[in-house]
Each structure stands twice: as structure tokens, then as C-alpha cells.
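Down below is the structure, laid out as C-alpha cells.
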Amino acid sequence: MILVMFDIDGTLLRTRGSSIRAMKLAAEKVFGTPGAFDEVECAGRLDPDIIADALRPCGIVPTEAQWRQFKEHYFAALRREQGNFRAVAGAERLIADLRQRKQVLLGLATGNFTESAFIKIEGVGFRPEWFVANAFGEEVSDRASLVALAIKRAKRWGGGPIDRAIMVGDTPRDIAAAKANCCACVGVAAGRYSMETLAKAGADLCVPSLEPTLTLMNFLLDGDRPCLWAGLEKTSLT
């Protein structure tokens with residue numbers, strides 16, 4: 001089996017500022033302040049870390065009850081923003097193509113909360129059930145663990161070894177997480193990072209969009225790149 005894992009923001013879709021707007025609204029409702037979300041680095045990070053960093057300058061350390069309230073308000077606000085979401089060019093075609101391949105498992109390895117991840121992909125027409133090997137921001141403490149958890153769940157779902165695992169993401173953090181798990185990585189320059197930056201970060205293939213070109217499909221399905229799977233036998237994918 002081939003596991004193809006996707007990041008969400010900047011990779012499958014763009015929320016065009018909706019995530020931060022929804023988080024600021026939730027913070028205002030629960031804590032009486034919009035927080036410092038505009039000053040916090042978000043790309044490639046886990047949502048719990050982003051939120052904690054945005055609230056810390058305000059002297060706020062949320063209780064468990066406040067975390068629950070924040071997420072309720074955040075998810076509700078994010079749903080109201082779904083009309084602003086846009087799929088990255090080629091994403092619909094690529095996912096539709098991969099879903100027809102019996103040897104492919106699709107997964108999400110995203111810093112989003114589980115519910116916000118599904119709100120986002122549903123906003124651009126993707127169904128949560130299409131992605132069966134997933135890992136989310138509230139489940140782990142770092143990005144590399146997201147990929148490891150998605151691989152673990154893929155093995156359970158497929159009932160056997162994973163022959164190849166590929167992470168598709170738009171940030172150097174996605175690439176580093178893939179490399180930490182001995183996975184191949186596609187860098188998608190549809191967000192803030194250029195193809196040159198993603199290549200320097202170690203992406204095995206860099207693309208400007210998710211258009212299912214012959215090069216991209218060969219890479220995902222056949223490992224059509226020299227030394228792509230060097231060292232794979234040393235990993236825990238099987």
C-alpha cells in the first residue's frame with residue numbers, strides 16, 4: 001500500500017485569514033481579548049501551540065474548561081467562514097484521482113484540531129471519510145509525531161505493511177516531519193514558501209500547485225525519483 005498524507009492549510013486549501021479571525025473571535029468571547037494571534041508564527045505549527053502562544057502575552061493560561069469553551073466558539077466561527085475557503089489549484093483533481101487507486105490510502109497529518117480540520121476540508125467539498133489515516137494537532141506534541149501517528153493508523157487500516165509513505169505539505173516543518181519518519185515529501189509552493197525554499201528544506205519534489213501532472217503522479221505512485229526510497233528498509237513502516 002501507498003500512504004499519501006496531506007497537510008491542510010496552504011496545501012489542500014487556503015482559508016484566506018478565516019482561521020485567525022475565528023480564533024481571535026473565540027478568544028474575545030472566552031477571555032475578553034483577541035489575543036496576540038497577529039504576532040504569532042502559524043505556518044506548520046500545531047493549533048494548541050499557536051493558541052497558547054497568542055494568549056501568553058496577555059497573561060492567560062487557559063484552564064481545561066476554558067479550552068473547551070474556546071474550541072466551541074472557534075469551531076462555530078470557523079463554520080461561518082466556510083464560504084471564504086478555496087481549494088489549492090489541482091487539489092480536487094488530485095484527490096479524485098488518488099481515490100480511484102486501490103493501492104493508495106489517503107491521510108491527513110495536520111496541526112489543526114480534529115473538528116477544525118474537517119470543517120476546513122468540508123468547506124472545499126472534500127469528505128472526511130475519504131481520509132482514513134489521520135493525525136491531528138491535539139493528539140501529539142510535535143509535527144514529527146503527527147506523521148508517525150498517521151503511519152501507525154494507516155498500517156491498522158490497511159491490515160498490512162505500508163510500502164511507501166509520502167507527506168505532502170507547504171512548509172519546511174512538514175518536510176522536517178517527513179524526514180524524521182524516513183518518508184518522502186512533496187513541497188507545495190502554494191503558500192508563503194517558494195519552491196526554492198522548500199527544496200532547500202529537503203523536499204524530494206517541489207510543485208507550484210496540486211495539479212496531477214505526470215511528474216507528480218509518477219512520484220506519488222511509482223517513486224519515480226532516484227534514491228527516493230533509500231533507507232526505507234530501516235524504518236518502521238512495515
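In the C-alpha cells, chains take the letters A, B, ... in the order shown, each chain's residues start at 1, and ligands count up from 1 in the order shown.
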
*Any idea what's packed within 9 Å of segment 131-135 of chain A, counting only C-alpha atoms, ignoring anything in its chain fewer than 2 positions away? Could you give it as an MDAnalysis selection string?*
chainID A and resid 3 5 105:111 114 127:129 137:140 145:157

*Residues at most 12 Å from Ile119 of chain A, counting only C-alpha atoms, excluding those fewer than 3 positions away in the same chain, as a PyMOL selection string?*
chain A and resi 8-9+13+15+18-19+74-83+85+112-116+122-128

Could the residues in this selection be saved with C-alpha atoms as a PDB file, in the first residue's frame?
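Full text of result-v3.pdb as output:
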ATOM      1  CA  ILE A   8      -4.368  21.151   5.116  1.00  0.00           C
ATOM      2  CA  ASP A   9      -3.690  24.899   5.320  1.00  0.00           C
ATOM      3  CA  LEU A  13      -6.740  24.745   0.719  1.00  0.00           C
ATOM      4  CA  THR A  15      -8.779  29.816   4.452  1.00  0.00           C
ATOM      5  CA  SER A  18     -10.502  32.764   8.354  1.00  0.00           C
ATOM      6  CA  SER A  19      -8.674  30.628  10.914  1.00  0.00           C
ATOM      7  CA  TYR A  74     -13.669  28.683  17.412  1.00  0.00           C
ATOM      8  CA  PHE A  75     -15.356  25.817  15.568  1.00  0.00           C
ATOM      9  CA  ALA A  76     -18.652  27.717  15.355  1.00  0.00           C
ATOM     10  CA  ALA A  77     -16.914  30.813  13.979  1.00  0.00           C
ATOM     11  CA  LEU A  78     -14.890  28.728  11.536  1.00  0.00           C
ATOM     12  CA  ARG A  79     -18.042  27.103  10.152  1.00  0.00           C
ATOM     13  CA  ARG A  80     -19.421  30.558   9.440  1.00  0.00           C
ATOM     14  CA  GLU A  81     -16.275  31.285   7.426  1.00  0.00           C
ATOM     15  CA  GLN A  82     -16.512  28.235   5.141  1.00  0.00           C
ATOM     16  CA  GLY A  83     -17.617  30.349   2.202  1.00  0.00           C
ATOM     17  CA  PHE A  85     -12.223  28.793   1.843  1.00  0.00           C
ATOM     18  CA  ASN A 112      -5.483  21.500  13.117  1.00  0.00           C
ATOM     19  CA  PHE A 113      -7.807  20.184  15.773  1.00  0.00           C
ATOM     20  CA  THR A 114      -9.806  17.209  14.506  1.00  0.00           C
ATOM     21  CA  GLU A 115     -13.022  19.194  14.192  1.00  0.00           C
ATOM     22  CA  SER A 116     -11.455  22.251  12.583  1.00  0.00           C
ATOM     23  CA  GLU A 122     -15.701  20.086   4.008  1.00  0.00           C
ATOM     24  CA  GLY A 123     -15.664  23.776   3.142  1.00  0.00           C
ATOM     25  CA  VAL A 124     -13.987  22.989  -0.187  1.00  0.00           C
ATOM     26  CA  GLY A 125     -16.005  19.866  -0.963  1.00  0.00           C
ATOM     27  CA  PHE A 126     -13.843  17.090   0.480  1.00  0.00           C
ATOM     28  CA  ARG A 127     -15.397  14.420   2.685  1.00  0.00           C
ATOM     29  CA  PRO A 128     -13.739  13.391   5.966  1.00  0.00           C
TER      30      PRO A 128
END

_Sel. of helix (DSSP H, G or I) residues, segment 63-232 of chain A, as a PyMOL selection string_ = chain A and resi 64-80+82-84+91-99+114-123+128-130+143-158+172-180+195-201+214-222+232

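Omitting segment 216-224 of chain A and its sequence neighbours fewer than 2 positions away, and counting only C-alpha atoms, the residues within 9 Å are Ile2, Val4, Leu94, Leu98, Gln103, Val104, Arg164, Ala165, Ile166, Ala184, Val186, Leu205, Val207, Leu210, Glu211, Pro212, Thr213, Leu214, Pro226, Cys227, Leu228 and Trp229 of chain A.
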
Could you give me, as an mmCIF file with N, CA and C atoms, in the first residue's frame, the residues within 7 Å of segment 60-71 of chain A, counting only C-alpha atoms and dropping anything in the same chain fewer than 3 positions from it?
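Okay, this is what ended up in around-v6.cif:
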data_model
loop_
_atom_site.group_PDB
_atom_site.id
_atom_site.type_symbol
_atom_site.label_atom_id
_atom_site.label_comp_id
_atom_site.auth_asym_id
_atom_site.auth_seq_id
_atom_site.Cartn_x
_atom_site.Cartn_y
_atom_site.Cartn_z
ATOM 1 N N ALA A 26 -13.028 33.773 19.129
ATOM 2 C CA ALA A 26 -13.192 32.843 20.249
ATOM 3 C C ALA A 26 -12.474 33.362 21.492
ATOM 4 N N ALA A 27 -11.274 33.899 21.311
ATOM 5 C CA ALA A 27 -10.526 34.437 22.448
ATOM 6 C C ALA A 27 -11.256 35.624 23.070
ATOM 7 N N VAL A 30 -14.194 34.243 25.182
ATOM 8 C CA VAL A 30 -13.849 33.477 26.386
ATOM 9 C C VAL A 30 -12.979 34.279 27.348
ATOM 10 N N LEU A 55 -2.029 33.650 23.561
ATOM 11 C CA LEU A 55 -2.645 34.069 24.822
ATOM 12 C C LEU A 55 -1.612 34.413 25.893
ATOM 13 N N ARG A 56 -0.417 33.850 25.772
ATOM 14 C CA ARG A 56 0.609 34.040 26.801
ATOM 15 C C ARG A 56 0.972 35.513 27.023
ATOM 16 N N TYR A 74 -14.524 28.701 18.603
ATOM 17 C CA TYR A 74 -13.669 28.683 17.412
ATOM 18 C C TYR A 74 -14.298 27.870 16.297
ATOM 19 N N PHE A 75 -14.770 26.671 16.600
ATOM 20 C CA PHE A 75 -15.356 25.817 15.568
ATOM 21 C C PHE A 75 -16.613 26.460 14.990
#

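For the pair atom CA of Ser141 of chain A and atom CA of Phe31 of chain A, the separation is 24.2 Å.
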
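Taking atom CA of Ser194 of chain A and atom CA of Ser209 of chain A as endpoints, the distance between them is 11.3 Å.
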
_If DSSP is run on the backbone, what residues of segment 28-211 of chain A are strand (DSSP E or B)? A reply as a PyMOL selection string would be ideal._
chain A and resi 86-87+104-109+135+164-169+184-188+205-207

Can I get the selection written as a PDB file, in the first residue's frame, with C-alpha atoms?
ATOM      1  CA  ARG A  86     -10.647  27.951  -1.511  1.00  0.00           C
ATOM      2  CA  ALA A  87      -9.042  24.702  -2.630  1.00  0.00           C
ATOM      3  CA  VAL A 104      -3.478   4.266  -2.152  1.00  0.00           C
ATOM      4  CA  LEU A 105      -4.546   5.269   1.347  1.00  0.00           C
ATOM      5  CA  LEU A 106      -5.194   8.959   1.944  1.00  0.00           C
ATOM      6  CA  GLY A 107      -4.454  10.628   5.250  1.00  0.00           C
ATOM      7  CA  LEU A 108      -4.300  13.994   6.970  1.00  0.00           C
ATOM      8  CA  ALA A 109      -1.262  14.960   9.048  1.00  0.00           C
ATOM      9  CA  ALA A 135      -3.387  12.612  12.928  1.00  0.00           C
ATOM     10  CA  ARG A 164       5.687   3.832   0.629  1.00  0.00           C
ATOM     11  CA  ALA A 165       4.690   6.860   2.644  1.00  0.00           C
ATOM     12  CA  ILE A 166       4.666  10.396   1.285  1.00  0.00           C
ATOM     13  CA  MET A 167       3.956  13.639   3.111  1.00  0.00           C
ATOM     14  CA  VAL A 168       2.516  16.498   1.051  1.00  0.00           C
ATOM     15  CA  GLY A 169       2.952  19.880   2.709  1.00  0.00           C
ATOM     16  CA  ALA A 184       9.328  11.131   1.060  1.00  0.00           C
ATOM     17  CA  CYS A 185       7.966  14.651   0.872  1.00  0.00           C
ATOM     18  CA  VAL A 186       6.299  16.815  -1.755  1.00  0.00           C
ATOM     19  CA  GLY A 187       6.708  20.529  -1.142  1.00  0.00           C
ATOM     20  CA  VAL A 188       3.740  22.545  -2.414  1.00  0.00           C
ATOM     21  CA  LEU A 205       9.806  17.030  -5.167  1.00  0.00           C
ATOM     22  CA  CYS A 206       8.578  20.635  -5.310  1.00  0.00           C
ATOM     23  CA  VAL A 207       5.456  21.679  -7.197  1.00  0.00           C
TER      24      VAL A 207
END

*Residues at most 8 Å from Met23 of chain A, counting only C-alpha atoms, excluding those fewer than 6 positions away in the same chain, as a PyMOL selection string?*
chain A and resi 34+37+51+74

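If you look at atom CA of Arg45 of chain A and atom CA of Arg173 of chain A, they are 7.7 Å away from each other.
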
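For the residues A:Ala190, A:Ile162, A:Val40, A:Cys58, ranking by smallest atom-to-atom distance to Glu28 of chain A using only C-alpha atoms places A:Cys58 first.
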
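Proximity to Gly10 of chain A was assessed for A:Thr215, A:Thr171, A:Gln100, A:Asn84 counting only C-alpha atoms; the smallest distance is recorded for A:Thr171.
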
*Name the closest residue to Pro208 of chain A among the candidates A:Gly17, A:Thr11, A:Asp142, A:Arg99; distances are taken between atoms, counting only C-alpha atoms.*
A:Thr11

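Of the residues under consideration (A:Ala144, A:Met195, A:Ile50, A:Ile121), A:Ile50 shows the shortest atom-to-atom contact distance to Ile20 of chain A when counting only C-alpha atoms.
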